[in-house]
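Worksheet: one structure, shown below.
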Amino acid sequence: MKKLLVVLMLLIAGVSSAQVTAKGVVKDSIGAPLELANVIAINKETKAMASYAITNEKGFFKLNLDKNTTYTVQVSYIGMKTVSQTISTKEADITKDFTLQNDNALAAVELTYEMPVTIKGDTLIYNADSFKDGSERKLEDVLKKLPGVEINADGQIEVEGKVVNKLMVNGKDFFDGDTKLATKNIPSNAVDKIQVLRNYSEVGQLRGVTNNQDNVAINIKLKEGKESFWFGDVTLGAGVADTDDLYLVQPKLFYYSPKYSINVIGDMNNIGEVALTNRDIRNFGGGFRRPSQGSGTSINLGDNGLGGLTNIGNAQEIVTKLGAGNFSYAPQKNLDFSGFLIYNSSRLRTREESFVRYINSDLGIPDEETVQTGREATNQGLAKLSASYKPNFNNQLDYDLLGRISSDSERQDILSSVVGSTSQFNEVKPFSINQNFNYYYTLDEKNIFALEAQHLIRDEDPFYNALLGNDPTNNNNPVNPDDALDDPDAFDNTALALGFDRDQFGYNLNQERRIKTNQLDAKLDYYYILNNKSNINITLGTILSNQRFNSNIFQFLDNGSVFDPVAALTDGEGTLLRNENDTEYNFSDVYLGFKYRLKTGKFTITPGLSLHSYGNKNTQFGTEFKDNFFRVLPEFETLIQFKKSETLTFRYNMSNSFTDVNSLAEGLVLNSFNNISFGNAELQNSLSHNLSLRYFSFNLFNYTNVVAIANYSKNIDQIRSLTNFDNVIQTSSFFNSNFADESANVFGRVERTFKKIRARMAVRFSYFKRNQFVQNRRTVSENFSQTYSPELRTNFRDAPNVSIRYDYSINSNDQGTTSTRFVTNSPSIEFDAYIWKSITFRTDFTYTNQADGVRPSQSFQTWDASLAYRKDKDANWEYEVRASNLLDVDARINNSAGNISVFNSETFIQPRFVTFRVIYTL
């Protein structure tokens, strides 16, 4: 890695020494400097664009040019005549100013070359071809090369430090704006322009009365010839592995016309390359946003699906299928229909070896080593239909319907150093229907109304089964009968606490649950525009939620009969707990909000407050618990606009958080065979104070991008768990803690382009303070982590490109009587080369080393590579050999610390795969 850094530094020095700088000022006819004027240098001999610049607020520009070369310099500005002059460079830097004249005949101006980057108001436009070198295949390959744009670790697009929440193609939503599906599938050769829409608002009527500085959208403009014509590609692949034959089928087809569009994405493989992971599907919101978002109220509806679904990268074996279709249709200019249908199926095999050490040795909780193997099966389906009607600028009506259904199951076999062998099975088949209705009406230039309503119906039915102990006569028990319990009393203690029949050869624990949710979230906004600098916003809204929760714990006896046990556990006050639940929870929030928005000079100030009337009621086995109260929640925001692309934003808000029915239900719930919990019907809300400070600057003159974000939160009356251990059997309940939890994090990133080199430095600091209660003792856990990520990336058009990154992180934990410190070093390198205009070679390598200062450090490597041949960039056929995990590393290492334990794990992954692929491009 050090040698590569030296080579890259020499390369930078070589590029710098072979060039000179041409600088100057662009003015208008009266001598006033012109900001955002375009300056292009065209090599007279090759006719290729050699350099470009955009003037700053003083009209200053700077071009990096080769020595002893002649160029045509072209200067343009909207509304003025374009100027072209010839300059010749020598061995020294040169200075040249330009004066532009007004031009009323704009139609006659024809630019020979397009600027790589231009600005029109809040829209930043990248000319995609200016950043391509021929090695790109998908949209993400282009986006990674754009200044100010990044693909983060989660596959999301970030622009100027902000996550892009909507992506369109030719102005039409692509799978409701999902960016990951777009970046992984849209072919790069179809992309003409990438338009970054800052301060984006989906409702034009509200653009001038709301703060949209955090909203960023991207619109992909297709090249001419890609409209009213099918484009895309089809990939077929095969390979041989030690255990099985490998296959890959991936059709990706797109059709766009002025009236309608169709996108079809298919994927079927056993290599582990997926367009969307299980978690992506579960988080696929379909563009839904809660109307009450930002009102100060947060209610947790819970998630009773298989929350522990494995990350694709942590599985030994992966078989996936995906079928997705998206359409849009505009029968007339003011009416749009759109929708999508997604089906995803995956089968995973997993293995993990772990060691858990609990923080306080005097609590009597033994350390535990486990070997866990599992199989997961997931089938997910989503469908959405949307309609938007805009008869005129004053009216807009939107309706969305989203349906979601899935069938998920997980089987795990666990061998523990404390409790021996167990087998668990989880299954859930949830469905939900979400409807969204929005109507926006502009009465006149002073009065605007907005009605937004969302209705959710959700039904979840998780089932849990655990087989405990050794029963060699039970063919349904996959546990190895040769494994012996190290502590046979552990399961007996669980069985005794739950009231199971203990006169059995083994324990067969079962739990059925049913959670039904019905929620309406609606608000009516009124905007009164006082003048072009200020407006008032009055909001009347409500949240009405109903949740029903039923559960039952039972036992299958050796003879096959069903036994309903009576628990022996109490709630700490002598009341015997039930092995079942029958709970109904009703929540209501009726609120009135007020905001005043004022623009004065560089400042946009938005103070506000909301008055809430809350109602809580939960009924359990005929007993009713009520809690009604009022609360005022203030908020404040200030935006300072230093320049067009430089802002500082401060926010403060107080928020009220409410729990879901699971934490209120007083009966016992089996989270797993060794994790039992019961709720508290008298839980109250928790209050939090939230502050944030955000700075960003994007300087197109020197291509410097700066992002700095600081957040702080303090939670009062936080709902905490009271945890007790009997051996490794954990029992938890919930209560409102008087001890506040705190969190703070700071993130900063600076990016600067030096000629053909882009340098980036990112840092992140996080601090968390949590109170936990274990074995009736309060301890405070504090975590401080710091991460530093320097990166260098080349951006050559006709030479190989290299990206070198180094991630260094320190994670320090103070858990009362125990302290831990994990240090991670992770250098990585990416290399891509487009050779002889026909061969594309790519490779990436990452080395990760983790150390805790006590045991020897642990490390693993990741190395992937591909070699592809395409006759020329316009050829239809391409042939590729791709290899993953070239070093055949069998496992990844992970060390971490939680509130009450330190966790070390070894997660086994897919072996080395080599596949041959054929890609046909339409």
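Identifiers for the structure tokens are assigned positionally: chains receive A, B, ... in sequence, residues are indexed from 1 per chain, and ligands are indexed from 1 in the order shown.
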
| task | For region 265-273 of chain A, please output as a PyMOL selection string all residues within 8 Å (counting only C-alpha atoms; exclusion window: fewer than 6 positions along the same chain). | result | chain A and resi 185+246-253+312-313+317-325+913

Store the residues of this selection in a file with N, CA and C atoms, as a CSV table (one decimal), in the first residue's frame.
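Heads up, here's the output in result30.csv:
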```csv
chain,number,residue,atom,x,y,z
A,185,ASN,N,-28.6,-0.2,-12.2
A,185,ASN,CA,-29.2,-0.8,-13.4
A,185,ASN,C,-29.3,0.0,-14.6
A,246,LEU,N,-22.5,-22.4,-10.9
A,246,LEU,CA,-23.0,-21.0,-10.7
A,246,LEU,C,-23.7,-20.6,-12.0
A,247,TYR,N,-24.7,-19.7,-11.7
A,247,TYR,CA,-25.5,-19.2,-12.9
A,247,TYR,C,-25.9,-17.7,-12.5
A,248,LEU,N,-26.2,-17.0,-13.6
A,248,LEU,CA,-26.6,-15.6,-13.5
A,248,LEU,C,-27.4,-15.2,-14.7
A,249,VAL,N,-28.6,-14.7,-14.5
A,249,VAL,CA,-29.4,-14.2,-15.5
A,249,VAL,C,-30.0,-12.8,-15.1
A,250,GLN,N,-29.7,-11.7,-15.8
A,250,GLN,CA,-30.1,-10.4,-15.4
A,250,GLN,C,-30.5,-9.6,-16.6
A,251,PRO,N,-31.8,-9.6,-17.0
A,251,PRO,CA,-32.3,-8.7,-18.0
A,251,PRO,C,-32.7,-7.4,-17.4
A,252,LYS,N,-32.3,-6.3,-18.1
A,252,LYS,CA,-32.6,-4.9,-17.6
A,252,LYS,C,-33.0,-4.1,-18.8
A,253,LEU,N,-34.3,-3.8,-19.0
A,253,LEU,CA,-34.8,-3.2,-20.2
A,253,LEU,C,-35.6,-2.0,-19.9
A,312,ILE,N,-26.6,-9.6,3.0
A,312,ILE,CA,-26.2,-10.5,2.0
A,312,ILE,C,-24.7,-10.8,2.0
A,313,GLY,N,-23.9,-9.8,2.4
A,313,GLY,CA,-22.5,-10.0,2.4
A,313,GLY,C,-22.0,-10.9,3.5
A,317,GLU,N,-24.0,-18.9,1.5
A,317,GLU,CA,-24.7,-19.4,0.3
A,317,GLU,C,-25.9,-18.5,0.1
A,318,ILE,N,-26.0,-18.0,-1.2
A,318,ILE,CA,-27.1,-17.1,-1.5
A,318,ILE,C,-27.7,-17.5,-2.9
A,319,VAL,N,-29.0,-17.6,-2.9
A,319,VAL,CA,-29.7,-17.9,-4.1
A,319,VAL,C,-30.9,-16.8,-4.1
A,320,THR,N,-30.9,-16.0,-5.2
A,320,THR,CA,-31.9,-14.9,-5.2
A,320,THR,C,-32.6,-14.8,-6.5
A,321,LYS,N,-33.8,-14.3,-6.5
A,321,LYS,CA,-34.6,-14.0,-7.7
A,321,LYS,C,-35.3,-12.7,-7.5
A,322,LEU,N,-35.3,-11.9,-8.5
A,322,LEU,CA,-36.0,-10.6,-8.5
A,322,LEU,C,-36.7,-10.3,-9.8
A,323,GLY,N,-37.9,-9.9,-9.7
A,323,GLY,CA,-38.6,-9.4,-10.8
A,323,GLY,C,-39.3,-8.1,-10.5
A,324,ALA,N,-39.0,-7.0,-11.3
A,324,ALA,CA,-39.5,-5.7,-10.9
A,324,ALA,C,-39.9,-5.0,-12.2
A,325,GLY,N,-41.0,-4.3,-12.1
A,325,GLY,CA,-41.5,-3.5,-13.3
A,325,GLY,C,-42.1,-2.2,-12.8
A,913,PHE,N,-15.5,-17.2,-6.2
A,913,PHE,CA,-16.3,-17.5,-7.4
A,913,PHE,C,-15.7,-16.9,-8.6
```

- Message: Write out as a list in words the set of residues from region 350-379 of chain A that DSSP, computed on the backbone, places in strand (DSSP E).
- Response: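 Residues of region 350-379 of chain A classed as strand (DSSP E): Thr350, Arg351, Glu352, Glu353, Ser354, Phe355, Val356, Arg357, Tyr358, Glu368, Glu369, Thr370, Val371, Gln372, Thr373, Gly374, Arg375, Glu376, Ala377, Thr378 and Asn379 of chain A.
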
Next, write the just-selected residues to a file, as a short mmCIF file (atom, residue, chain, number, x, y, z; two decimals), in the first residue's frame, keeping C-alpha atoms as the atom set.
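Full text of result.cif as output:
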```cif
data_model
loop_
_atom_site.label_atom_id
_atom_site.label_comp_id
_atom_site.auth_asym_id
_atom_site.auth_seq_id
_atom_site.Cartn_x
_atom_site.Cartn_y
_atom_site.Cartn_z
CA THR A 350 -25.28 -18.67 7.32
CA ARG A 351 -22.66 -19.55 9.93
CA GLU A 352 -21.29 -17.42 12.75
CA GLU A 353 -18.94 -18.19 15.62
CA SER A 354 -19.03 -15.67 18.45
CA PHE A 355 -17.86 -14.93 21.96
CA VAL A 356 -19.87 -12.71 24.35
CA ARG A 357 -18.31 -11.28 27.49
CA TYR A 358 -20.61 -9.41 29.90
CA GLU A 368 -20.59 -17.52 26.35
CA GLU A 369 -19.14 -18.98 23.16
CA THR A 370 -21.59 -19.96 20.43
CA VAL A 371 -21.55 -21.56 17.00
CA GLN A 372 -24.67 -20.62 15.08
CA THR A 373 -25.72 -21.99 11.69
CA GLY A 374 -28.89 -20.96 9.94
CA ARG A 375 -31.05 -20.95 6.86
CA GLU A 376 -33.29 -18.11 5.77
CA ALA A 377 -36.08 -18.09 3.20
CA THR A 378 -37.74 -14.86 2.13
CA ASN A 379 -40.47 -14.08 -0.40
#
```

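Remark: for Gly469 (chain A), the closest of the candidate residues A:Arg502, A:Lys333, A:Arg720, A:Arg912 is A:Arg502 (distances computed over only C-alpha atoms).
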
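Picture a line from CA of Val750 (chain A) to CA of Pro790 (chain A); it runs 9.6 Å.
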
### Query
Neighbours of Leu648 (chain A) within 10 Å (only C-alpha atoms; same-chain residues fewer than 5 positions away dropped), as number ranges by chain?
A: 603, 638-642, 693-697, 708-709

Would you mind exporting C-alpha atoms of the selected residues as a short mmCIF file (atom, residue, chain, number, x, y, z; two decimals), in the first residue's frame?
```cif
data_model
loop_
_atom_site.label_atom_id
_atom_site.label_comp_id
_atom_site.auth_asym_id
_atom_site.auth_seq_id
_atom_site.Cartn_x
_atom_site.Cartn_y
_atom_site.Cartn_z
CA PHE A 603 -31.04 34.98 6.81
CA THR A 638 -32.21 29.64 10.93
CA LEU A 639 -30.65 29.42 7.46
CA ILE A 640 -27.77 31.70 6.50
CA GLN A 641 -27.14 31.88 2.75
CA PHE A 642 -23.59 33.22 2.44
CA LEU A 693 -25.84 22.59 12.91
CA ARG A 694 -25.08 22.05 9.23
CA TYR A 695 -22.65 23.82 6.93
CA PHE A 696 -22.02 23.12 3.27
CA SER A 697 -20.11 24.86 0.52
CA ALA A 708 -19.87 19.78 8.22
CA ILE A 709 -22.73 18.43 10.34
#
```

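Of the residues under consideration (A:Gln511, A:Thr570, A:Asn215, A:Thr848), A:Asn215 shows the shortest atom-to-atom contact distance to Val163 (chain A) when counting only C-alpha atoms.
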
Fewer than 6 positions away in the same chain doesn't count, so skip those; otherwise give me all residues within 10 Å of Thr86 (chain A), counting only C-alpha atoms, as an mmCIF file with C-alpha atoms, in the first residue's frame.
```cif
data_model
loop_
_atom_site.group_PDB
_atom_site.id
_atom_site.type_symbol
_atom_site.label_atom_id
_atom_site.label_comp_id
_atom_site.auth_asym_id
_atom_site.auth_seq_id
_atom_site.Cartn_x
_atom_site.Cartn_y
_atom_site.Cartn_z
ATOM 1 C CA ALA A 41 -10.030 25.618 -23.571
ATOM 2 C CA ILE A 42 -10.011 23.528 -26.783
ATOM 3 C CA ASN A 43 -6.772 21.991 -28.048
ATOM 4 C CA LYS A 44 -6.320 23.356 -31.588
ATOM 5 C CA THR A 70 -2.056 26.269 -28.728
ATOM 6 C CA TYR A 71 -5.685 26.513 -27.555
ATOM 7 C CA THR A 72 -8.949 28.164 -28.518
ATOM 8 C CA VAL A 73 -10.474 29.674 -25.370
ATOM 9 C CA GLN A 74 -14.243 30.066 -25.506
#
```
